[in-house]
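Everything below concerns the one structure shown next.
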Amino acid sequence: MKITIPHLGNVYIAVKILFDSLGLDYVIPPLNNREALLWGSKYSPEEICLPFKLMIGNYLAGIHEGADTVLLVGSCGPCRFGEYCELQMKILQQLGHKIDFIVLDPVKSIGLCELLHRMHRVGAYSKKTRMRKLQSLFMAYKAMTLLDDIEKEAHWRAGFEKKPGECKRLLNQCRNAVYSCNDPEKALALLQEYLETIQKIPVSPERNPIKISIIGEIYTVIEPFTNLYIEDVLMDMGISTSRHLTPSWWVKDMLLKTMRLNSRELLKASDEYLPLYIGGHARECIGEAVLAAEEGMDGAIQIFPMGCMPEIVSKAILPSISRQKNLPILTLVVDEMTGEAGYMTRIEAFTDLLERRRGHVYIGS
Ligand code: SF4
């Protein structure tokens with residue numbers, strides 16, 4: 001078995017640690033790029049959402065490198081994500097690829113036994129002991145959490161840093177250093193070191209930068225290629241950003257969902273505007289907007305792929321939150337046709353507005 005995965009932010013680094021630790025043969029496809037989007041768009045239904053197309057592009061790159069199995073997480077609805085794997089299997093089949101799919105659906109939908117069975121299918125190819133397999137899972141989760149913490153620190157501290165560009169430089173250096181390390185234990189130690197280094201970056205607390213919350217559809221807020229690297233752009237502008245939805249948040253949310261203990265704070269915050277679950281992470285998006293206002297953020301940017309059903313509902317609710325909570329919100333809809341220039345102009349116009357609302361001219365880094 002040679003296994004491959006679709007991309008989602010930094011998840012590939014945690015997955016590499018997992019596969020290295022299990023001693024599995026794998027292919028990590030190149031990071032999302034124009035080529036993946038081109039191939040994905042070519043073979044996907046035109047009206048399907050952007051994440052689907054990029055995933056197809058990732059699989060094709062993995063298959064090109066010899067992968068014969070795809071590992072991905074799934075959901076059984078209610079939005080299109082629930083149909084992703086079935087449709088993707090069909091497309092690859094029609095293209096003449098004999099590919100096995102291992103889909104990790106939520107416990108709530110398939111039951112714990114079935115989930116363990118599917119996980120066992122991955123582990124069965126590893127010659128490691130059962131204890132080592134468990135350790136590997138733990139290490140991958142730990143890596144995912146550390147990566148999320150590092151990103152969170154870097155994105156927030158970028159607005160306060162004394163040396164402009166330091167947070168972004170360290171964040172990129174961290175990703176490269178950990179990804180090129182083939183020893184899982186050393187990779188984890190490196191992540192811990194980078195977290196401590198980023199936490200010690202000299203900052204000016206008196207700086208009071210513009211603060212923006214990034215909200216919206218989970219794939220497009222996490223995967224930088226789809227949002228045209230918005231967090232990097234805002235870091236370059238000396239703006240602090242925060243985002244609740246991360247890969248480790250997703251794992252925790254999925255596990256706690258079985259006991260209805262997931263994301264209590266976000267869901268409670270969304271109750272007034274959207275008390276029902278309508279698929280995707282629409283409720284979380286609404287909850288994040290409410291919390292952004294309560295936490296004193298200057299504004300929020302909602303990002304979602306063209307045609308994303310749950311986020312279209314959120315988009316219709318956000319103006320009420322904006323008015324009632326006095327929180328400016330910008331919505332950016334992305335697809336394979338998104339032009340960089342127009343996108344940047346909207347971000348710049350929004351940050352100008354936030355600066356003017358504060359009644360001072362903000363000097364970026
Ligand atoms: S949440 Fe939106 S973008 Fe994601 S699969 Fe569902 S419809 Fe598509």
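Following the order of the structure tokens, chains are lettered A, B, ..., residues in each are numbered from 1, and ligands are numbered from 1.
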Item to complete: Select from region 69-298 of chain A everything DSSP, run on the backbone, classes as helix (DSSP H, G or I), then give the selection as an NGL selection string.
Response: :A and (81-94 or 107-110 or 112-123 or 130-157 or 166-179 or 184-199 or 205-207 or 218-222 or 230-236 or 247-257 or 264-270 or 282-294)
For the contact check between chain A and ligand 1, emit one row per residue of chain A within 7 Å, containing the shortest atom pair and the distance in Å rounded to one decimal, counting only C-alpha atoms and all ligand atoms, chain then rising number order, as a Markdown table.
| residue | atom | partner | partner_atom_place_in_ligand_line | distance |
| --- | --- | --- | --- | --- |
| A:Cys49 | CA | ligand 1 | 8 (Fe) | 4.8 |
| A:Leu50 | CA | ligand 1 | 3 (S) | 6.6 |
| A:Pro51 | CA | ligand 1 | 3 (S) | 6.3 |
| A:Cys79 | CA | ligand 1 | 6 (Fe) | 4.5 |
| A:Arg80 | CA | ligand 1 | 5 (S) | 4.7 |
| A:Phe81 | CA | ligand 1 | 5 (S) | 3.8 |
| A:Glu217 | CA | ligand 1 | 1 (S) | 5.7 |
| A:Tyr219 | CA | ligand 1 | 4 (Fe) | 6.6 |
| A:Gly279 | CA | ligand 1 | 1 (S) | 6.8 |
| A:Gly280 | CA | ligand 1 | 1 (S) | 3.9 |
| A:His281 | CA | ligand 1 | 1 (S) | 6.5 |
| A:Phe304 | CA | ligand 1 | 3 (S) | 6.7 |
| A:Pro305 | CA | ligand 1 | 3 (S) | 5.4 |
| A:Gly307 | CA | ligand 1 | 7 (S) | 6.7 |
| A:Cys308 | CA | ligand 1 | 2 (Fe) | 3.6 |
| A:Met309 | CA | ligand 1 | 7 (S) | 4.9 |
| A:Pro310 | CA | ligand 1 | 2 (Fe) | 5.9 |
| A:Glu311 | CA | ligand 1 | 2 (Fe) | 6.5 |
Practice prompt. With a distance cut-off of 7 Å and only C-alpha atoms, select the neighbouring residues of region 22-24 of chain A, excluding the residue or stretch itself and same-chain residues fewer than 2 positions from it, and output the selection as a ChimeraX atom specification.
Written response: /A:18-20,26,125-126,128,133,136
Worksheet item: If you count only C-alpha atoms, which residues fall within 7 Å of region 240-253 of chain A, apart from same-chain ones fewer than 3 positions away, as a ChimeraX atom specification?
Response: /A:11,144-145,148,152,155-159,209-215,218,222,235,256-257,262-263
What does the file look like for those residues with N, CA, C and O atoms, as an mmCIF file, in the first residue's frame?
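part_19.cif written:
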data_model
loop_
_atom_site.group_PDB
_atom_site.id
_atom_site.type_symbol
_atom_site.label_atom_id
_atom_site.label_comp_id
_atom_site.auth_asym_id
_atom_site.auth_seq_id
_atom_site.Cartn_x
_atom_site.Cartn_y
_atom_site.Cartn_z
ATOM 1 N N VAL A 11 -1.912 20.056 7.977
ATOM 2 C CA VAL A 11 -2.197 18.672 8.341
ATOM 3 C C VAL A 11 -1.156 17.712 7.744
ATOM 4 O O VAL A 11 -0.781 16.712 8.363
ATOM 5 N N MET A 144 -0.212 18.140 15.462
ATOM 6 C CA MET A 144 -1.283 18.992 14.917
ATOM 7 C C MET A 144 -1.597 20.129 15.893
ATOM 8 O O MET A 144 -1.747 21.286 15.499
ATOM 9 N N THR A 145 -1.661 19.795 17.173
ATOM 10 C CA THR A 145 -1.967 20.808 18.186
ATOM 11 C C THR A 145 -0.842 21.836 18.272
ATOM 12 O O THR A 145 -1.099 23.046 18.342
ATOM 13 N N ASP A 148 -0.943 24.164 15.317
ATOM 14 C CA ASP A 148 -2.025 25.150 15.468
ATOM 15 C C ASP A 148 -1.640 26.230 16.469
ATOM 16 O O ASP A 148 -1.914 27.412 16.254
ATOM 17 N N LYS A 152 -1.220 30.154 15.625
ATOM 18 C CA LYS A 152 -2.045 31.100 16.379
ATOM 19 C C LYS A 152 -1.173 32.206 16.978
ATOM 20 O O LYS A 152 -1.482 33.392 16.849
ATOM 21 N N HIS A 155 0.234 34.466 14.121
ATOM 22 C CA HIS A 155 -0.761 35.363 13.522
ATOM 23 C C HIS A 155 -1.150 36.491 14.477
ATOM 24 O O HIS A 155 -1.423 37.601 14.044
ATOM 25 N N TRP A 156 -1.185 36.191 15.748
ATOM 26 C CA TRP A 156 -1.578 37.221 16.709
ATOM 27 C C TRP A 156 -0.420 38.183 16.984
ATOM 28 O O TRP A 156 -0.576 39.402 16.979
ATOM 29 N N ARG A 157 0.767 37.619 17.193
ATOM 30 C CA ARG A 157 1.903 38.461 17.570
ATOM 31 C C ARG A 157 2.406 39.327 16.410
ATOM 32 O O ARG A 157 3.115 40.305 16.631
ATOM 33 N N ALA A 158 2.030 38.952 15.161
ATOM 34 C CA ALA A 158 2.495 39.725 14.001
ATOM 35 C C ALA A 158 2.118 41.202 14.124
ATOM 36 O O ALA A 158 2.833 42.078 13.642
ATOM 37 N N GLY A 159 1.004 41.489 14.781
ATOM 38 C CA GLY A 159 0.582 42.876 14.934
ATOM 39 C C GLY A 159 1.409 43.632 15.960
ATOM 40 O O GLY A 159 1.389 44.862 15.995
ATOM 41 N N PRO A 209 -2.510 47.031 17.474
ATOM 42 C CA PRO A 209 -2.785 46.909 16.029
ATOM 43 C C PRO A 209 -4.262 46.619 15.751
ATOM 44 O O PRO A 209 -5.029 46.302 16.659
ATOM 45 N N ILE A 210 -4.628 46.709 14.475
ATOM 46 C CA ILE A 210 -5.972 46.294 14.053
ATOM 47 C C ILE A 210 -6.076 44.781 14.280
ATOM 48 O O ILE A 210 -5.117 44.046 14.010
ATOM 49 N N LYS A 211 -7.244 44.345 14.752
ATOM 50 C CA LYS A 211 -7.417 42.906 15.041
ATOM 51 C C LYS A 211 -8.621 42.378 14.259
ATOM 52 O O LYS A 211 -9.712 42.948 14.348
ATOM 53 N N ILE A 212 -8.363 41.319 13.514
ATOM 54 C CA ILE A 212 -9.427 40.772 12.641
ATOM 55 C C ILE A 212 -9.636 39.282 12.923
ATOM 56 O O ILE A 212 -8.667 38.526 13.072
ATOM 57 N N SER A 213 -10.886 38.902 12.973
ATOM 58 C CA SER A 213 -11.222 37.494 13.151
ATOM 59 C C SER A 213 -11.478 36.868 11.774
ATOM 60 O O SER A 213 -12.213 37.443 10.969
ATOM 61 N N ILE A 214 -10.873 35.710 11.522
ATOM 62 C CA ILE A 214 -11.089 35.031 10.233
ATOM 63 C C ILE A 214 -12.127 33.933 10.451
ATOM 64 O O ILE A 214 -11.909 33.005 11.237
ATOM 65 N N ILE A 215 -13.255 34.052 9.759
ATOM 66 C CA ILE A 215 -14.362 33.111 9.978
ATOM 67 C C ILE A 215 -14.840 32.561 8.621
ATOM 68 O O ILE A 215 -14.485 33.109 7.581
ATOM 69 N N ILE A 218 -14.673 25.923 6.771
ATOM 70 C CA ILE A 218 -13.448 25.431 7.411
ATOM 71 C C ILE A 218 -12.284 25.202 6.431
ATOM 72 O O ILE A 218 -11.145 25.563 6.728
ATOM 73 N N ILE A 222 -8.748 27.469 6.522
ATOM 74 C CA ILE A 222 -7.501 26.806 6.946
ATOM 75 C C ILE A 222 -6.501 26.692 5.804
ATOM 76 O O ILE A 222 -5.295 26.838 6.008
ATOM 77 N N MET A 235 -0.561 39.602 8.021
ATOM 78 C CA MET A 235 0.677 39.683 8.831
ATOM 79 C C MET A 235 1.598 40.744 8.239
ATOM 80 O O MET A 235 2.197 41.544 8.960
ATOM 81 N N LEU A 256 -15.915 15.085 20.488
ATOM 82 C CA LEU A 256 -16.855 15.510 21.537
ATOM 83 C C LEU A 256 -18.301 15.544 21.062
ATOM 84 O O LEU A 256 -19.232 15.537 21.858
ATOM 85 N N LYS A 257 -18.464 15.572 19.720
ATOM 86 C CA LYS A 257 -19.817 15.635 19.160
ATOM 87 C C LYS A 257 -20.668 14.443 19.604
ATOM 88 O O LYS A 257 -21.872 14.565 19.808
ATOM 89 N N ASN A 262 -19.293 19.283 22.171
ATOM 90 C CA ASN A 262 -18.388 19.995 21.268
ATOM 91 C C ASN A 262 -18.665 21.496 21.218
ATOM 92 O O ASN A 262 -19.818 21.915 21.272
ATOM 93 N N SER A 263 -17.592 22.256 21.111
ATOM 94 C CA SER A 263 -17.642 23.700 20.861
ATOM 95 C C SER A 263 -18.772 24.425 21.590
ATOM 96 O O SER A 263 -19.506 25.200 20.976
#
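Take CA of Arg175 (chain A) and CA of Leu147 (chain A): the distance between them is 8.5 Å.
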Mind running region 151-264 of chain A against region 99-110 of chain A at 9 Å and telling me each contacting residue's nearest atom pair with the distance in Å (one decimal), counting only C-alpha atoms, chain and number ascending, as a Markdown table?
| residue | atom | partner | partner_atom | distance |
| --- | --- | --- | --- | --- |
| A:Met254 | CA | A:Pro106 | CA | 6.4 |
| A:Leu255 | CA | A:Val107 | CA | 7.6 |
| A:Lys257 | CA | A:Lys108 | CA | 7.5 |
| A:Thr258 | CA | A:Lys108 | CA | 5.6 |
Practice prompt. Go through region 267-333 of chain A and collect every residue that DSSP, computed from the backbone, puts in strand (DSSP E); the answer should be as a ChimeraX atom specification.
Written response: /A:299-305,329-333
Keeping only all heavy atoms, write the selected residues as a PDB file, in the first residue's frame.
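Below you can see result.pdb, which holds the result:
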ATOM      1  N   GLY A 299     -12.843  43.797  13.459  1.00  0.00           N
ATOM      2  CA  GLY A 299     -13.696  43.364  12.358  1.00  0.00           C
ATOM      3  C   GLY A 299     -13.541  41.863  12.136  1.00  0.00           C
ATOM      4  O   GLY A 299     -12.751  41.201  12.813  1.00  0.00           O
ATOM      5  N   ALA A 300     -14.318  41.360  11.189  1.00  0.00           N
ATOM      6  CA  ALA A 300     -14.218  39.933  10.857  1.00  0.00           C
ATOM      7  C   ALA A 300     -14.256  39.789   9.341  1.00  0.00           C
ATOM      8  O   ALA A 300     -14.898  40.588   8.651  1.00  0.00           O
ATOM      9  CB  ALA A 300     -15.373  39.166  11.492  1.00  0.00           C
ATOM     10  N   ILE A 301     -13.539  38.782   8.847  1.00  0.00           N
ATOM     11  CA  ILE A 301     -13.592  38.473   7.407  1.00  0.00           C
ATOM     12  C   ILE A 301     -14.134  37.060   7.258  1.00  0.00           C
ATOM     13  O   ILE A 301     -13.566  36.110   7.802  1.00  0.00           O
ATOM     14  CB  ILE A 301     -12.199  38.602   6.752  1.00  0.00           C
ATOM     15  CG1 ILE A 301     -11.668  40.030   6.896  1.00  0.00           C
ATOM     16  CG2 ILE A 301     -12.271  38.197   5.271  1.00  0.00           C
ATOM     17  CD1 ILE A 301     -10.315  40.274   6.225  1.00  0.00           C
ATOM     18  N   GLN A 302     -15.245  36.945   6.546  1.00  0.00           N
ATOM     19  CA  GLN A 302     -15.824  35.625   6.280  1.00  0.00           C
ATOM     20  C   GLN A 302     -15.348  35.167   4.897  1.00  0.00           C
ATOM     21  O   GLN A 302     -15.443  35.928   3.927  1.00  0.00           O
ATOM     22  CB  GLN A 302     -17.358  35.713   6.280  1.00  0.00           C
ATOM     23  CG  GLN A 302     -18.036  34.364   6.024  1.00  0.00           C
ATOM     24  CD  GLN A 302     -19.456  34.484   5.461  1.00  0.00           C
ATOM     25  OE1 GLN A 302     -19.833  35.513   4.921  1.00  0.00           O
ATOM     26  NE2 GLN A 302     -20.225  33.417   5.573  1.00  0.00           N
ATOM     27  N   ILE A 303     -14.852  33.939   4.831  1.00  0.00           N
ATOM     28  CA  ILE A 303     -14.387  33.405   3.542  1.00  0.00           C
ATOM     29  C   ILE A 303     -15.107  32.083   3.285  1.00  0.00           C
ATOM     30  O   ILE A 303     -15.231  31.255   4.194  1.00  0.00           O
ATOM     31  CB  ILE A 303     -12.865  33.120   3.560  1.00  0.00           C
ATOM     32  CG1 ILE A 303     -12.114  34.323   4.129  1.00  0.00           C
ATOM     33  CG2 ILE A 303     -12.339  32.799   2.160  1.00  0.00           C
ATOM     34  CD1 ILE A 303     -10.665  34.026   4.434  1.00  0.00           C
ATOM     35  N   PHE A 304     -15.581  31.904   2.064  1.00  0.00           N
ATOM     36  CA  PHE A 304     -16.163  30.606   1.730  1.00  0.00           C
ATOM     37  C   PHE A 304     -16.125  30.379   0.224  1.00  0.00           C
ATOM     38  O   PHE A 304     -16.005  31.326  -0.555  1.00  0.00           O
ATOM     39  CB  PHE A 304     -17.590  30.472   2.298  1.00  0.00           C
ATOM     40  CG  PHE A 304     -18.629  31.391   1.717  1.00  0.00           C
ATOM     41  CD1 PHE A 304     -19.366  31.036   0.591  1.00  0.00           C
ATOM     42  CD2 PHE A 304     -18.892  32.614   2.312  1.00  0.00           C
ATOM     43  CE1 PHE A 304     -20.345  31.872   0.086  1.00  0.00           C
ATOM     44  CE2 PHE A 304     -19.858  33.461   1.816  1.00  0.00           C
ATOM     45  CZ  PHE A 304     -20.588  33.090   0.688  1.00  0.00           C
ATOM     46  N   PRO A 305     -16.196  29.113  -0.200  1.00  0.00           N
ATOM     47  CA  PRO A 305     -16.148  28.833  -1.628  1.00  0.00           C
ATOM     48  C   PRO A 305     -17.491  29.133  -2.295  1.00  0.00           C
ATOM     49  O   PRO A 305     -18.533  28.956  -1.667  1.00  0.00           O
ATOM     50  CB  PRO A 305     -15.866  27.332  -1.707  1.00  0.00           C
ATOM     51  CG  PRO A 305     -15.704  26.853  -0.310  1.00  0.00           C
ATOM     52  CD  PRO A 305     -16.259  27.883   0.610  1.00  0.00           C
ATOM     53  N   ILE A 329     -17.997  43.528   8.965  1.00  0.00           N
ATOM     54  CA  ILE A 329     -17.701  42.172   8.459  1.00  0.00           C
ATOM     55  C   ILE A 329     -17.570  42.221   6.936  1.00  0.00           C
ATOM     56  O   ILE A 329     -18.448  42.759   6.249  1.00  0.00           O
ATOM     57  CB  ILE A 329     -18.805  41.164   8.860  1.00  0.00           C
ATOM     58  CG1 ILE A 329     -18.950  41.123  10.384  1.00  0.00           C
ATOM     59  CG2 ILE A 329     -18.490  39.767   8.325  1.00  0.00           C
ATOM     60  CD1 ILE A 329     -20.107  40.266  10.898  1.00  0.00           C
ATOM     61  N   LEU A 330     -16.485  41.671   6.451  1.00  0.00           N
ATOM     62  CA  LEU A 330     -16.275  41.584   4.994  1.00  0.00           C
ATOM     63  C   LEU A 330     -16.461  40.128   4.584  1.00  0.00           C
ATOM     64  O   LEU A 330     -15.949  39.225   5.249  1.00  0.00           O
ATOM     65  CB  LEU A 330     -14.844  42.041   4.658  1.00  0.00           C
ATOM     66  CG  LEU A 330     -14.366  41.782   3.232  1.00  0.00           C
ATOM     67  CD1 LEU A 330     -15.071  42.706   2.237  1.00  0.00           C
ATOM     68  CD2 LEU A 330     -12.855  41.979   3.117  1.00  0.00           C
ATOM     69  N   THR A 331     -17.183  39.900   3.491  1.00  0.00           N
ATOM     70  CA  THR A 331     -17.334  38.526   2.989  1.00  0.00           C
ATOM     71  C   THR A 331     -16.549  38.372   1.692  1.00  0.00           C
ATOM     72  O   THR A 331     -16.669  39.198   0.787  1.00  0.00           O
ATOM     73  CB  THR A 331     -18.825  38.203   2.737  1.00  0.00           C
ATOM     74  OG1 THR A 331     -19.488  38.177   4.001  1.00  0.00           O
ATOM     75  CG2 THR A 331     -18.999  36.848   2.084  1.00  0.00           C
ATOM     76  N   LEU A 332     -15.739  37.320   1.629  1.00  0.00           N
ATOM     77  CA  LEU A 332     -14.974  37.025   0.408  1.00  0.00           C
ATOM     78  C   LEU A 332     -15.385  35.642  -0.089  1.00  0.00           C
ATOM     79  O   LEU A 332     -15.323  34.673   0.671  1.00  0.00           O
ATOM     80  CB  LEU A 332     -13.477  37.037   0.705  1.00  0.00           C
ATOM     81  CG  LEU A 332     -12.883  38.372   1.176  1.00  0.00           C
ATOM     82  CD1 LEU A 332     -11.454  38.184   1.672  1.00  0.00           C
ATOM     83  CD2 LEU A 332     -12.909  39.410   0.056  1.00  0.00           C
ATOM     84  N   VAL A 333     -15.835  35.573  -1.327  1.00  0.00           N
ATOM     85  CA  VAL A 333     -16.241  34.290  -1.904  1.00  0.00           C
ATOM     86  C   VAL A 333     -15.156  33.890  -2.909  1.00  0.00           C
ATOM     87  O   VAL A 333     -14.781  34.687  -3.765  1.00  0.00           O
ATOM     88  CB  VAL A 333     -17.605  34.410  -2.621  1.00  0.00           C
ATOM     89  CG1 VAL A 333     -18.062  33.053  -3.135  1.00  0.00           C
ATOM     90  CG2 VAL A 333     -18.643  34.983  -1.674  1.00  0.00           C
TER      91      VAL A 333
END
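Neighbours of Met337 (chain A) closer than or equal to 12 Å, with only C-alpha atoms counted and sequence neighbours fewer than 4 positions away skipped, come out as A:Arg34, A:Leu37, A:Leu38, A:Ser41, A:Glu46, A:Leu50, A:Thr226, A:Leu228, A:Pro305, A:Met306, A:Val333, A:Ala341, A:Gly342, A:Tyr343.
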Item to complete: Tell me which protein, DNA and RNA residues are within 6 Å of region 178-192 of chain A, counting only C-alpha atoms, leaving out same-chain ones fewer than 5 positions away, and put them as a PyMOL selection string.
Response: chain A and resi 13+17+21
Take the selection from the previous step and output its residues with N, CA and C atoms, as a CSV table (one decimal), in the first residue's frame.
chain,number,residue,atom,x,y,z
A,13,ILE,N,1.9,17.9,7.6
A,13,ILE,CA,3.1,17.7,8.5
A,13,ILE,C,2.8,16.7,9.6
A,17,ILE,N,4.4,12.8,10.1
A,17,ILE,CA,4.9,12.3,11.4
A,17,ILE,C,4.2,11.0,11.7
A,21,SER,N,6.2,7.4,11.6
A,21,SER,CA,6.3,6.7,12.9
A,21,SER,C,5.7,5.3,12.7
Practice prompt. Please identify all polymer residues within 9 Å of Ile230 (chain A), counting only C-alpha atoms, omitting same-chain residues fewer than 3 positions from it, and present them as a list in words.
Written response: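 Near neighbours after the sequence-gap exclusion: Val221, Pro224, Phe225, Asn227, Val233, Leu234, Met235, Met344 and Ile347 of chain A.
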Would you save the residues from that selection as a short mmCIF file (atom, residue, chain, number, x, y, z; two decimals), in the first residue's frame, using C-alpha atoms?
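Generated output (again.cif):
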data_model
loop_
_atom_site.label_atom_id
_atom_site.label_comp_id
_atom_site.auth_asym_id
_atom_site.auth_seq_id
_atom_site.Cartn_x
_atom_site.Cartn_y
_atom_site.Cartn_z
CA VAL A 221 -10.15 29.45 6.19
CA PRO A 224 -3.95 29.15 2.52
CA PHE A 225 -3.95 28.55 -1.24
CA ASN A 227 -7.89 32.11 0.56
CA VAL A 233 -1.14 39.22 3.72
CA LEU A 234 -2.55 40.55 6.99
CA MET A 235 0.68 39.68 8.83
CA MET A 344 -6.47 42.39 -2.44
CA ILE A 347 -8.97 43.51 1.83
#
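Closest approach to Val73 (chain A) from the set A:Gly339, A:Gly96, A:Pro29, A:Pro6 is made by A:Pro6, with distances taken over only C-alpha atoms.
Restricting the calculation to only C-alpha atoms, the smallest distance between Arg357 (chain A) and any of A:Leu327, A:Val334, A:Met89, A:Ala282 is found for A:Leu327.
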Worksheet item: Hey, which of A:Ile278, A:Ile3, A:Ala293, A:Ile91 ends up closest to Gln324 (chain A)? Count only C-alpha atoms.
Response: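 Checking each candidate against Gln324 (chain A), we get A:Ala293 as the closest.
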Worksheet item: To one decimal place, how far is CA of Thr351 (chain A) from CA of Leu274 (chain A) in Å?
Response: 27.5 Å
